[in-house]
Amino acid sequence: MADRGMALVTGASSGIGRATALALAEAGWSVLGTGRDRAALDDLGAHGIRTLAGDLTDPGFVDAVVAAAGDATLLVNNAGTLAHAPFLETPRHGWRGVFDLNVHALLDVTQGIARGMAARGSGHIVLVSSLLARKVGPNTLVYAASKHAVAAIAAGLRVELRPHGIRVTEVAPGLVSTRIQREVTHAGVKAGYAALPFPWLAPEDVAAVIRAAAEAPPKASTDLIEIRPQGQP
């Protein structure tokens, strides 16, 4: 199998990130995965995936990731957290935590890797947002706001990085069965999810889309891919 280059996947200890790291490794990429769960990351080693455990909201850890993956030709910026709850019941630290990881850490990692790509004149950055990047539903205000920011970041990166030969793809999934969504604690929100009349996407479904975007011809710019369960509006 041909070596496709190096891919950095954030949030690789579970869900979409883990599925993406495995899919890219299977396709011939040399993969470095980051996440907070060291034990889960260690399990990826059996698949030939290098890992770094740590918190991307820690600038020191971001520097370590960039140093380890500075020659990455593909960045999949997937790490994120969820806070689905009524706005009036959300503590202040709830939305600060969401923006620290979903927006600030994403910017930090992207800048560090994009500088290396720009110096080499090529690269591909994939940002995982959400269908909520373009609408807001009940109990999703904070998370949706963070993903609106990711969509704006993707658009801005596309403008600024195109002259450096860097492609930018935004992948916007709908409802996905991940650990993050299973950790929603608000009883009313959980009940609403349980009542939905359609099956959710699996992380592997989204990983397949990310892999397809990564394998698109170099002259093709896949700007935005939305993927949702059949039945989700």
# chains A, B, ... in the order shown; residues from 1 in each chain; ligands from 1

$ residues_around --residues "stretch 225-227 of chain A" --least-positions-apart "6" --cutoff "10 Å" --atoms "only C-alpha atoms" --output "VMD selection string"
chain A and resid 128 to 131 169 to 176 201 205 to 206 209 to 210 213

$ residues_around --residues "stretch 52-61 of chain A" --least-positions-apart "6" --cutoff "9 Å" --atoms "only C-alpha atoms" --output "list of chain:residue names"
A:Thr10, A:Ser13, A:Leu32, A:Gly33, A:Thr34, A:Gly35, A:Arg36, A:Asp37, A:Arg38, A:Leu41, A:Ala68, A:Ala79, A:Asp100, A:Leu101, A:His104, A:Ala105, A:Leu106, A:Asp108, A:Val109

$ write_last_selection --atoms "C-alpha atoms" --output "mmCIF file, in the first residue's frame"
data_model
loop_
_atom_site.group_PDB
_atom_site.id
_atom_site.type_symbol
_atom_site.label_atom_id
_atom_site.label_comp_id
_atom_site.auth_asym_id
_atom_site.auth_seq_id
_atom_site.Cartn_x
_atom_site.Cartn_y
_atom_site.Cartn_z
ATOM 1 C CA THR A 10 -7.423 15.162 17.178
ATOM 2 C CA SER A 13 -9.594 8.363 21.701
ATOM 3 C CA LEU A 32 -0.801 10.482 14.843
ATOM 4 C CA GLY A 33 -3.853 10.591 17.104
ATOM 5 C CA THR A 34 -4.388 12.818 20.124
ATOM 6 C CA GLY A 35 -6.943 12.618 22.925
ATOM 7 C CA ARG A 36 -7.450 12.805 26.660
ATOM 8 C CA ASP A 37 -8.036 9.092 27.321
ATOM 9 C CA ARG A 38 -4.587 7.502 27.468
ATOM 10 C CA LEU A 41 -5.272 5.822 22.728
ATOM 11 C CA ALA A 68 5.343 15.829 16.786
ATOM 12 C CA ALA A 79 -11.689 17.176 19.103
ATOM 13 C CA ASP A 100 -12.093 26.542 24.889
ATOM 14 C CA LEU A 101 -11.992 23.163 23.125
ATOM 15 C CA HIS A 104 -9.784 28.122 20.822
ATOM 16 C CA ALA A 105 -7.963 24.769 20.786
ATOM 17 C CA LEU A 106 -9.035 24.195 17.178
ATOM 18 C CA ASP A 108 -4.275 26.797 18.099
ATOM 19 C CA VAL A 109 -3.736 23.374 16.514
#

$ closest_residue --among "A:His47, A:Arg115, A:His124, A:Arg134" --to "A:Ala152" --atoms "only C-alpha atoms"
A:Arg134

$ residues_around --residues "A:Ala149" --least-positions-apart "2" --cutoff "9 Å" --atoms "only C-alpha atoms" --output "compact mmCIF listing (two decimals) with N, CA and C atoms, in the first residue's frame"
# COMPACT_ATOMS: atom_id res chain seq x y z
N ASN A 102 -13.74 23.59 21.48
CA ASN A 102 -14.29 23.57 20.12
C ASN A 102 -13.78 24.69 19.24
N VAL A 103 -13.36 25.79 19.84
CA VAL A 103 -12.94 26.95 19.04
C VAL A 103 -11.47 27.32 19.29
N SER A 129 -17.39 20.09 12.02
CA SER A 129 -18.34 21.01 12.66
C SER A 129 -19.61 20.24 13.03
N ALA A 133 -23.97 24.07 12.73
CA ALA A 133 -23.16 25.22 12.30
C ALA A 133 -23.97 26.18 11.45
N ALA A 144 -24.13 25.04 19.29
CA ALA A 144 -24.35 25.56 17.94
C ALA A 144 -23.52 26.82 17.69
N ALA A 145 -23.43 27.68 18.69
CA ALA A 145 -22.62 28.89 18.53
C ALA A 145 -21.16 28.54 18.28
N SER A 146 -20.66 27.53 18.98
CA SER A 146 -19.26 27.13 18.77
C SER A 146 -19.07 26.56 17.37
N LYS A 147 -20.06 25.83 16.88
CA LYS A 147 -19.92 25.23 15.55
C LYS A 147 -20.17 26.27 14.44
N ALA A 151 -17.52 26.94 11.36
CA ALA A 151 -17.85 27.17 9.96
C ALA A 151 -17.23 28.46 9.45
N ALA A 152 -17.24 29.50 10.27
CA ALA A 152 -16.62 30.77 9.87
C ALA A 152 -15.11 30.63 9.75
N ILE A 153 -14.52 29.86 10.67
CA ILE A 153 -13.08 29.61 10.61
C ILE A 153 -12.72 28.88 9.32
N ALA A 154 -13.52 27.87 8.98
CA ALA A 154 -13.25 27.13 7.74
C ALA A 154 -13.31 28.05 6.53

$ select_by_dssp --residues "stretch 8-215 of chain A" --states "helix (DSSP H, G or I)" --output "count of residues only"
115

$ residues_around --residues "A:Leu22" --least-positions-apart "3" --cutoff "12 Å" --atoms "only C-alpha atoms" --output "MDAnalysis selection string"
chainID A and resid 7:9 12:19 25:33 41 43:50 203:204 207:208 210:211

$ closest_residue --among "A:Leu75, A:Ala202, A:Ala191, A:Leu24" --to "A:Ser122" --atoms "only C-alpha atoms"
A:Leu75

$ select_by_dssp --residues "stretch 134-216 of chain A" --states "strand (DSSP E or B)" --output "number ranges by chain"
A: 166-173, 176, 201

$ atom_distance --atom1 "atom CA of A:Asp42" --atom2 "atom CA of A:Arg4"
23.0 Å

$ atom_distance --atom1 "atom CA of A:Ala216" --atom2 "atom CA of A:Arg228"
20.7 Å

$ residues_around --residues "stretch 87-93 of chain A" --least-positions-apart "2" --cutoff "8 Å" --atoms "only C-alpha atoms" --output "ChimeraX atom specification"
/A:85,95-97,139,141-142

$ closest_residue --among "A:Pro217, A:Gly137, A:Leu196, A:Ala212" --to "A:Pro86" --atoms "only C-alpha atoms"
A:Gly137

$ residues_around --residues "A:Arg162" --least-positions-apart "4" --cutoff "10 Å" --atoms "only C-alpha atoms" --output "PDB file with C-alpha atoms, in the first residue's frame"
ATOM      1  CA  ALA A 118       2.302  26.792   4.076  1.00  0.00           C
ATOM      2  CA  GLY A 121       3.206  24.777  -0.268  1.00  0.00           C
ATOM      3  CA  SER A 122       0.593  22.065   0.207  1.00  0.00           C
ATOM      4  CA  GLY A 123      -1.698  20.396   2.717  1.00  0.00           C
ATOM      5  CA  LEU A 157      -8.986  29.616   6.278  1.00  0.00           C
ATOM      6  CA  ARG A 158     -10.084  28.761   2.759  1.00  0.00           C
ATOM      7  CA  ILE A 166      -3.752  24.285   1.314  1.00  0.00           C
ATOM      8  CA  ARG A 167      -7.252  22.847   0.902  1.00  0.00           C
ATOM      9  CA  VAL A 168      -9.829  23.290   3.683  1.00  0.00           C
ATOM     10  CA  SER A 221     -11.604  21.442  -3.345  1.00  0.00           C
TER      11      SER A 221
END

$ closest_residue --among "A:Glu160, A:Asp3, A:Tyr143, A:Gly112" --to "A:Asp63" --atoms "only C-alpha atoms"
A:Gly112

$ atom_distance --atom1 "atom CA of A:His148" --atom2 "atom CA of A:Pro229"
20.4 Å

$ decode --residues "stretch 110-131 of chain A" --atoms "C-alpha atoms" --output "short mmCIF file (atom, residue, chain, number, x, y, z; two decimals), in the first residue's frame"
data_model
loop_
_atom_site.label_atom_id
_atom_site.label_comp_id
_atom_site.auth_asym_id
_atom_site.auth_seq_id
_atom_site.Cartn_x
_atom_site.Cartn_y
_atom_site.Cartn_z
CA THR A 110 -4.74 24.55 13.06
CA GLN A 111 -2.37 27.49 13.10
CA GLY A 112 0.56 25.38 14.24
CA ILE A 113 0.05 22.73 11.56
CA ALA A 114 -0.92 25.20 8.81
CA ARG A 115 2.34 27.09 9.21
CA GLY A 116 4.26 23.96 8.26
CA MET A 117 1.92 23.24 5.37
CA ALA A 118 2.30 26.79 4.08
CA ALA A 119 6.09 26.51 4.19
CA ARG A 120 5.87 23.35 2.06
CA GLY A 121 3.21 24.78 -0.27
CA SER A 122 0.59 22.06 0.21
CA GLY A 123 -1.70 20.40 2.72
CA HIS A 124 -5.29 19.58 3.59
CA ILE A 125 -7.17 20.68 6.70
CA VAL A 126 -10.46 19.06 7.69
CA LEU A 127 -12.57 20.74 10.38
CA VAL A 128 -15.40 18.72 11.90
CA SER A 129 -18.34 21.01 12.66
CA SER A 130 -22.02 20.03 12.82
CA LEU A 131 -25.33 20.56 11.07
#
